[in-house]
Amino acid sequence: GIFFVVIIAVLAGFDIKEAASIGIIGAADGPTSIFVSNQLAPNLLGAIAVAAYSYMALVPIIQPFAIRLVTTKKERQIRMTYKAEGVSKTTKIIFPIFVTILAGFIAPTALPLVGFLMFGNILRECGVLDRLSETAQNELVNICSILLGLTIAVKMQASLFLNTQTLMIIAFGLVAFIMDTIGGVLFAKLLNLFRKEKINPMIGAAGISAFPMSSRVIQQMATAEDPKNFVLMFAVGANVAGQIGSVIAGGLLLSFFS
């Protein structure tokens, strides 16, 4: 979805840096969209931020529509065997460290985003920084949200924001978001061609950064088709992967075009 819209935006007349900033809206990740557009196309920051956060809020409306376009009722009813297993403390601590190092090799420019995301995980999981973890999850994140909103508002002057270009950005962002969803579903269906134990293809749609909203939507759709179908944990796994993947995708765009 991201790279598809980059191509479409270039064909529509945007330069490559602006197109890359528009494409990343498809990740449904506000911080990544802001981080990328601030470096590649700061003149579009206001419109891109509005589009990214709007589509994050519209996940329960957009994703079911897109999923139904490319799945059958039988596919949406596929059950998956879930075995509850514990995760060791060591694994929980190693995971963010490993992800940060791996992301650094793949997309070094994405390290600020990946690093802060994983830093929050370590604060929570290490077990000795509860006060800092609670502050980061509550007071600090609220303060940052307020400052972020005020900063972006400066970029939303009427002369820069109220124009046809903004409408095009919002439209392309919608295309990127829908293509992300459809692409994930189709990839899951491709995997099913080679698997005996089938994956519910709706899981693929959760591979975006709108966490945990997207995984909840997938579970609600599965329950609507089969009240006894439980796919939430699989969807959450894809959702977490989507968070990390969207940040790396943003880092790749910065590596290519900055």
# chains A, B, ... in the order shown; residues from 1 in each chain; ligands from 1
>>> residues_around(residues="Ala49 of chain A", least_positions_apart="5", cutoff="10 Å", atoms="only C-alpha atoms", output="VMD selection string")
chain A and resid 22 25 29 to 35 37 44 54 149 152 to 153 156 170
>>> select_by_dssp(residues="segment 99-257 of chain A", states="helix (DSSP H, G or I)", output="CSV table (one decimal) with C-alpha atoms, in the first residue's frame")
chain,number,residue,atom,x,y,z
A,99,VAL,CA,14.4,-5.5,17.3
A,100,THR,CA,16.3,-2.3,17.7
A,101,ILE,CA,19.6,-3.9,16.5
A,102,LEU,CA,17.9,-5.6,13.6
A,103,ALA,CA,16.1,-2.4,12.5
A,104,GLY,CA,19.4,-0.6,12.7
A,105,PHE,CA,20.9,-2.8,10.1
A,106,ILE,CA,17.8,-2.7,7.8
A,108,PRO,CA,19.3,3.1,10.3
A,109,THR,CA,17.3,6.2,9.8
A,110,ALA,CA,14.3,4.6,11.5
A,111,LEU,CA,16.3,4.0,14.7
A,112,PRO,CA,14.9,7.1,16.5
A,113,LEU,CA,11.3,5.7,16.1
A,114,VAL,CA,12.1,2.1,16.7
A,115,GLY,CA,14.4,3.0,19.6
A,116,PHE,CA,11.8,4.9,21.5
A,117,LEU,CA,9.1,2.2,20.8
A,118,MET,CA,11.4,-0.5,22.2
A,119,PHE,CA,12.7,1.7,25.0
A,120,GLY,CA,9.1,1.9,26.3
A,121,ASN,CA,9.0,-1.9,26.2
A,122,ILE,CA,12.1,-2.2,28.3
A,123,LEU,CA,10.8,0.3,30.8
A,124,ARG,CA,7.7,-1.8,31.3
A,125,GLU,CA,9.3,-5.3,31.2
A,130,ASP,CA,7.7,1.0,37.4
A,131,ARG,CA,7.5,4.7,38.3
A,132,LEU,CA,9.2,5.7,35.0
A,133,SER,CA,7.1,3.3,33.1
A,134,GLU,CA,3.8,4.7,34.5
A,135,THR,CA,5.0,8.2,33.8
A,136,ALA,CA,5.8,7.3,30.2
A,137,GLN,CA,2.4,5.7,29.7
A,138,ASN,CA,0.4,8.5,31.2
A,139,GLU,CA,1.8,12.0,32.0
A,140,LEU,CA,4.7,12.1,29.6
A,141,VAL,CA,2.7,10.8,26.6
A,142,ASN,CA,-0.1,13.3,27.3
A,143,ILE,CA,2.4,16.2,27.4
A,144,CYS,CA,4.0,15.0,24.2
A,145,SER,CA,0.6,14.7,22.5
A,146,ILE,CA,-0.3,18.3,23.4
A,147,LEU,CA,3.0,19.7,22.3
A,148,LEU,CA,2.8,17.6,19.1
A,149,GLY,CA,-0.7,18.9,18.3
A,150,LEU,CA,0.3,22.5,18.9
A,151,THR,CA,3.4,22.2,16.7
A,152,ILE,CA,1.6,20.6,13.8
A,153,ALA,CA,-1.1,23.3,14.1
A,158,ALA,CA,-5.3,28.3,5.7
A,159,SER,CA,-3.1,29.3,2.8
A,160,LEU,CA,-1.1,26.0,3.1
A,161,PHE,CA,-3.9,23.6,4.2
A,164,THR,CA,-6.9,20.9,-3.7
A,165,GLN,CA,-3.5,19.4,-2.8
A,166,THR,CA,-4.7,18.6,0.7
A,167,LEU,CA,-7.8,16.8,-0.7
A,168,MET,CA,-5.5,14.8,-3.0
A,169,ILE,CA,-3.3,13.8,-0.1
A,170,ILE,CA,-6.3,12.6,1.9
A,171,ALA,CA,-7.5,10.6,-1.1
A,172,PHE,CA,-4.2,9.0,-1.7
A,173,GLY,CA,-3.8,8.2,2.0
A,174,LEU,CA,-7.2,6.4,1.8
A,175,VAL,CA,-5.9,4.4,-1.2
A,176,ALA,CA,-2.7,3.5,0.7
A,177,PHE,CA,-4.7,2.4,3.7
A,178,ILE,CA,-7.1,0.2,1.7
A,179,MET,CA,-4.2,-1.3,-0.3
A,180,ASP,CA,-2.3,-2.1,2.9
A,181,THR,CA,-5.4,-4.0,4.2
A,182,ILE,CA,-6.1,-5.8,0.9
A,183,GLY,CA,-2.4,-6.6,0.4
A,184,GLY,CA,-2.2,-8.2,3.9
A,185,VAL,CA,-5.3,-10.4,3.2
A,186,LEU,CA,-4.0,-11.5,-0.2
A,187,PHE,CA,-0.6,-12.4,1.2
A,188,ALA,CA,-2.3,-14.6,3.8
A,189,LYS,CA,-4.4,-16.2,1.1
A,190,LEU,CA,-1.1,-16.9,-0.8
A,191,LEU,CA,0.4,-18.6,2.2
A,192,ASN,CA,-2.7,-20.8,2.5
A,201,PRO,CA,-6.8,-14.4,5.8
A,202,MET,CA,-8.3,-11.5,7.8
A,203,ILE,CA,-5.2,-11.8,10.1
A,204,GLY,CA,-3.2,-10.2,7.2
A,205,ALA,CA,-5.3,-7.0,7.4
A,206,ALA,CA,-4.0,-6.5,11.0
A,213,MET,CA,-7.7,-1.3,17.1
A,214,SER,CA,-7.1,-3.3,13.9
A,215,SER,CA,-6.8,-6.6,15.8
A,216,ARG,CA,-10.0,-5.9,17.6
A,217,VAL,CA,-11.8,-5.2,14.3
A,218,ILE,CA,-10.5,-8.6,13.0
A,219,GLN,CA,-11.8,-10.4,16.0
A,220,GLN,CA,-15.2,-8.7,15.8
A,221,MET,CA,-15.5,-9.7,12.1
A,222,ALA,CA,-14.6,-13.3,13.0
A,223,THR,CA,-17.1,-13.4,15.8
A,224,ALA,CA,-19.8,-12.0,13.4
A,225,GLU,CA,-19.2,-14.9,11.0
A,232,LEU,CA,-7.6,-12.2,18.5
A,233,MET,CA,-4.2,-13.3,19.6
A,234,PHE,CA,-3.1,-14.1,16.0
A,235,ALA,CA,-4.4,-10.7,14.9
A,236,VAL,CA,-2.5,-9.0,17.8
A,237,GLY,CA,0.7,-10.7,16.6
A,238,ALA,CA,0.2,-9.3,13.1
A,239,ASN,CA,-0.6,-5.9,14.6
A,240,VAL,CA,2.6,-5.7,16.6
A,241,ALA,CA,4.5,-6.8,13.5
A,242,GLY,CA,2.7,-4.1,11.6
A,243,GLN,CA,3.9,-1.5,14.1
A,244,ILE,CA,7.5,-2.5,13.7
A,245,GLY,CA,7.2,-2.9,9.9
A,246,SER,CA,5.6,0.5,9.4
A,247,VAL,CA,8.5,2.2,11.2
A,248,ILE,CA,11.1,0.2,9.1
A,249,ALA,CA,9.2,1.1,5.9
A,250,GLY,CA,9.4,4.8,6.9
A,251,GLY,CA,13.1,4.4,7.5
A,252,LEU,CA,13.6,2.8,4.1
A,253,LEU,CA,11.8,5.7,2.5
A,254,LEU,CA,14.1,8.2,4.3
A,255,SER,CA,17.1,6.1,3.2
A,256,PHE,CA,16.0,6.2,-0.4
A,257,PHE,CA,14.9,9.8,-0.8
>>> decode(residues="segment 7-32 of chain A", atoms="N, CA, C and O atoms", output="PDB file, in the first residue's frame")
ATOM      1  N   ILE A   7       4.142   5.540  -6.028  1.00  0.00           N
ATOM      2  CA  ILE A   7       4.153   5.563  -7.499  1.00  0.00           C
ATOM      3  C   ILE A   7       2.986   6.382  -8.040  1.00  0.00           C
ATOM      4  O   ILE A   7       3.151   7.230  -8.927  1.00  0.00           O
ATOM      5  N   ILE A   8       1.800   6.163  -7.478  1.00  0.00           N
ATOM      6  CA  ILE A   8       0.611   6.888  -7.945  1.00  0.00           C
ATOM      7  C   ILE A   8       0.763   8.396  -7.716  1.00  0.00           C
ATOM      8  O   ILE A   8       0.395   9.209  -8.562  1.00  0.00           O
ATOM      9  N   ALA A   9       1.291   8.772  -6.560  1.00  0.00           N
ATOM     10  CA  ALA A   9       1.453  10.190  -6.238  1.00  0.00           C
ATOM     11  C   ALA A   9       2.441  10.865  -7.192  1.00  0.00           C
ATOM     12  O   ALA A   9       2.250  12.020  -7.585  1.00  0.00           O
ATOM     13  N   VAL A  10       3.506  10.152  -7.553  1.00  0.00           N
ATOM     14  CA  VAL A  10       4.465  10.704  -8.515  1.00  0.00           C
ATOM     15  C   VAL A  10       3.783  10.919  -9.864  1.00  0.00           C
ATOM     16  O   VAL A  10       3.954  11.961 -10.521  1.00  0.00           O
ATOM     17  N   LEU A  11       2.978   9.952 -10.284  1.00  0.00           N
ATOM     18  CA  LEU A  11       2.250  10.084 -11.551  1.00  0.00           C
ATOM     19  C   LEU A  11       1.245  11.236 -11.511  1.00  0.00           C
ATOM     20  O   LEU A  11       0.909  11.810 -12.552  1.00  0.00           O
ATOM     21  N   ALA A  12       0.785  11.575 -10.303  1.00  0.00           N
ATOM     22  CA  ALA A  12      -0.194  12.662 -10.154  1.00  0.00           C
ATOM     23  C   ALA A  12       0.466  14.038 -10.093  1.00  0.00           C
ATOM     24  O   ALA A  12      -0.230  15.053 -10.020  1.00  0.00           O
ATOM     25  N   GLY A  13       1.800  14.069 -10.097  1.00  0.00           N
ATOM     26  CA  GLY A  13       2.484  15.359 -10.151  1.00  0.00           C
ATOM     27  C   GLY A  13       3.270  15.750  -8.923  1.00  0.00           C
ATOM     28  O   GLY A  13       3.937  16.790  -8.916  1.00  0.00           O
ATOM     29  N   PHE A  14       3.207  14.964  -7.855  1.00  0.00           N
ATOM     30  CA  PHE A  14       4.012  15.257  -6.673  1.00  0.00           C
ATOM     31  C   PHE A  14       5.458  14.837  -6.940  1.00  0.00           C
ATOM     32  O   PHE A  14       5.710  13.882  -7.677  1.00  0.00           O
ATOM     33  N   ASP A  15       6.418  15.568  -6.327  1.00  0.00           N
ATOM     34  CA  ASP A  15       7.798  15.110  -6.478  1.00  0.00           C
ATOM     35  C   ASP A  15       8.020  13.890  -5.593  1.00  0.00           C
ATOM     36  O   ASP A  15       7.181  13.541  -4.760  1.00  0.00           O
ATOM     37  N   ILE A  16       9.159  13.223  -5.754  1.00  0.00           N
ATOM     38  CA  ILE A  16       9.365  11.928  -5.123  1.00  0.00           C
ATOM     39  C   ILE A  16       9.373  12.021  -3.603  1.00  0.00           C
ATOM     40  O   ILE A  16       8.887  11.116  -2.906  1.00  0.00           O
ATOM     41  N   LYS A  17       9.896  13.115  -3.037  1.00  0.00           N
ATOM     42  CA  LYS A  17       9.907  13.253  -1.578  1.00  0.00           C
ATOM     43  C   LYS A  17       8.495  13.460  -1.036  1.00  0.00           C
ATOM     44  O   LYS A  17       8.123  12.891  -0.005  1.00  0.00           O
ATOM     45  N   GLU A  18       7.707  14.264  -1.737  1.00  0.00           N
ATOM     46  CA  GLU A  18       6.318  14.450  -1.321  1.00  0.00           C
ATOM     47  C   GLU A  18       5.537  13.150  -1.460  1.00  0.00           C
ATOM     48  O   GLU A  18       4.724  12.806  -0.599  1.00  0.00           O
ATOM     49  N   ALA A  19       5.786  12.420  -2.562  1.00  0.00           N
ATOM     50  CA  ALA A  19       5.093  11.150  -2.785  1.00  0.00           C
ATOM     51  C   ALA A  19       5.420  10.138  -1.690  1.00  0.00           C
ATOM     52  O   ALA A  19       4.540   9.410  -1.216  1.00  0.00           O
ATOM     53  N   ALA A  20       6.689  10.100  -1.268  1.00  0.00           N
ATOM     54  CA  ALA A  20       7.079   9.184  -0.195  1.00  0.00           C
ATOM     55  C   ALA A  20       6.378   9.547   1.114  1.00  0.00           C
ATOM     56  O   ALA A  20       5.946   8.667   1.865  1.00  0.00           O
ATOM     57  N   SER A  21       6.250  10.833   1.380  1.00  0.00           N
ATOM     58  CA  SER A  21       5.572  11.285   2.594  1.00  0.00           C
ATOM     59  C   SER A  21       4.086  10.941   2.563  1.00  0.00           C
ATOM     60  O   SER A  21       3.497  10.607   3.595  1.00  0.00           O
ATOM     61  N   ILE A  22       3.486  11.016   1.390  1.00  0.00           N
ATOM     62  CA  ILE A  22       2.061  10.676   1.253  1.00  0.00           C
ATOM     63  C   ILE A  22       1.862   9.168   1.397  1.00  0.00           C
ATOM     64  O   ILE A  22       0.923   8.707   2.046  1.00  0.00           O
ATOM     65  N   GLY A  23       2.760   8.393   0.801  1.00  0.00           N
ATOM     66  CA  GLY A  23       2.628   6.944   0.845  1.00  0.00           C
ATOM     67  C   GLY A  23       2.659   6.378   2.251  1.00  0.00           C
ATOM     68  O   GLY A  23       1.936   5.426   2.565  1.00  0.00           O
ATOM     69  N   ILE A  24       3.460   6.970   3.121  1.00  0.00           N
ATOM     70  CA  ILE A  24       3.617   6.423   4.470  1.00  0.00           C
ATOM     71  C   ILE A  24       2.334   6.569   5.288  1.00  0.00           C
ATOM     72  O   ILE A  24       2.189   5.940   6.343  1.00  0.00           O
ATOM     73  N   ILE A  25       1.372   7.353   4.823  1.00  0.00           N
ATOM     74  CA  ILE A  25       0.074   7.440   5.502  1.00  0.00           C
ATOM     75  C   ILE A  25      -0.550   6.051   5.598  1.00  0.00           C
ATOM     76  O   ILE A  25      -1.250   5.731   6.558  1.00  0.00           O
ATOM     77  N   GLY A  26      -0.278   5.214   4.586  1.00  0.00           N
ATOM     78  CA  GLY A  26      -0.856   3.878   4.561  1.00  0.00           C
ATOM     79  C   GLY A  26      -0.449   3.011   5.733  1.00  0.00           C
ATOM     80  O   GLY A  26      -1.098   2.003   6.025  1.00  0.00           O
ATOM     81  N   ALA A  27       0.614   3.369   6.420  1.00  0.00           N
ATOM     82  CA  ALA A  27       1.032   2.594   7.592  1.00  0.00           C
ATOM     83  C   ALA A  27       0.069   2.771   8.760  1.00  0.00           C
ATOM     84  O   ALA A  27       0.112   2.003   9.722  1.00  0.00           O
ATOM     85  N   ALA A  28      -0.783   3.786   8.686  1.00  0.00           N
ATOM     86  CA  ALA A  28      -1.711   4.103   9.784  1.00  0.00           C
ATOM     87  C   ALA A  28      -0.942   4.318  11.084  1.00  0.00           C
ATOM     88  O   ALA A  28      -1.333   3.852  12.153  1.00  0.00           O
ATOM     89  N   ASP A  29       0.164   5.020  10.984  1.00  0.00           N
ATOM     90  CA  ASP A  29       1.025   5.297  12.144  1.00  0.00           C
ATOM     91  C   ASP A  29       1.334   6.787  12.162  1.00  0.00           C
ATOM     92  O   ASP A  29       2.148   7.259  11.372  1.00  0.00           O
ATOM     93  N   GLY A  30       0.674   7.514  13.067  1.00  0.00           N
ATOM     94  CA  GLY A  30       0.849   8.955  13.119  1.00  0.00           C
ATOM     95  C   GLY A  30       2.277   9.408  13.322  1.00  0.00           C
ATOM     96  O   GLY A  30       2.798  10.221  12.558  1.00  0.00           O
ATOM     97  N   PRO A  31       2.985   8.909  14.356  1.00  0.00           N
ATOM     98  CA  PRO A  31       4.368   9.351  14.579  1.00  0.00           C
ATOM     99  C   PRO A  31       5.288   9.097  13.385  1.00  0.00           C
ATOM    100  O   PRO A  31       6.114   9.947  13.049  1.00  0.00           O
ATOM    101  N   THR A  32       5.152   7.926  12.737  1.00  0.00           N
ATOM    102  CA  THR A  32       5.995   7.632  11.578  1.00  0.00           C
ATOM    103  C   THR A  32       5.685   8.571  10.432  1.00  0.00           C
ATOM    104  O   THR A  32       6.599   9.067   9.758  1.00  0.00           O
TER     105      THR A  32
END
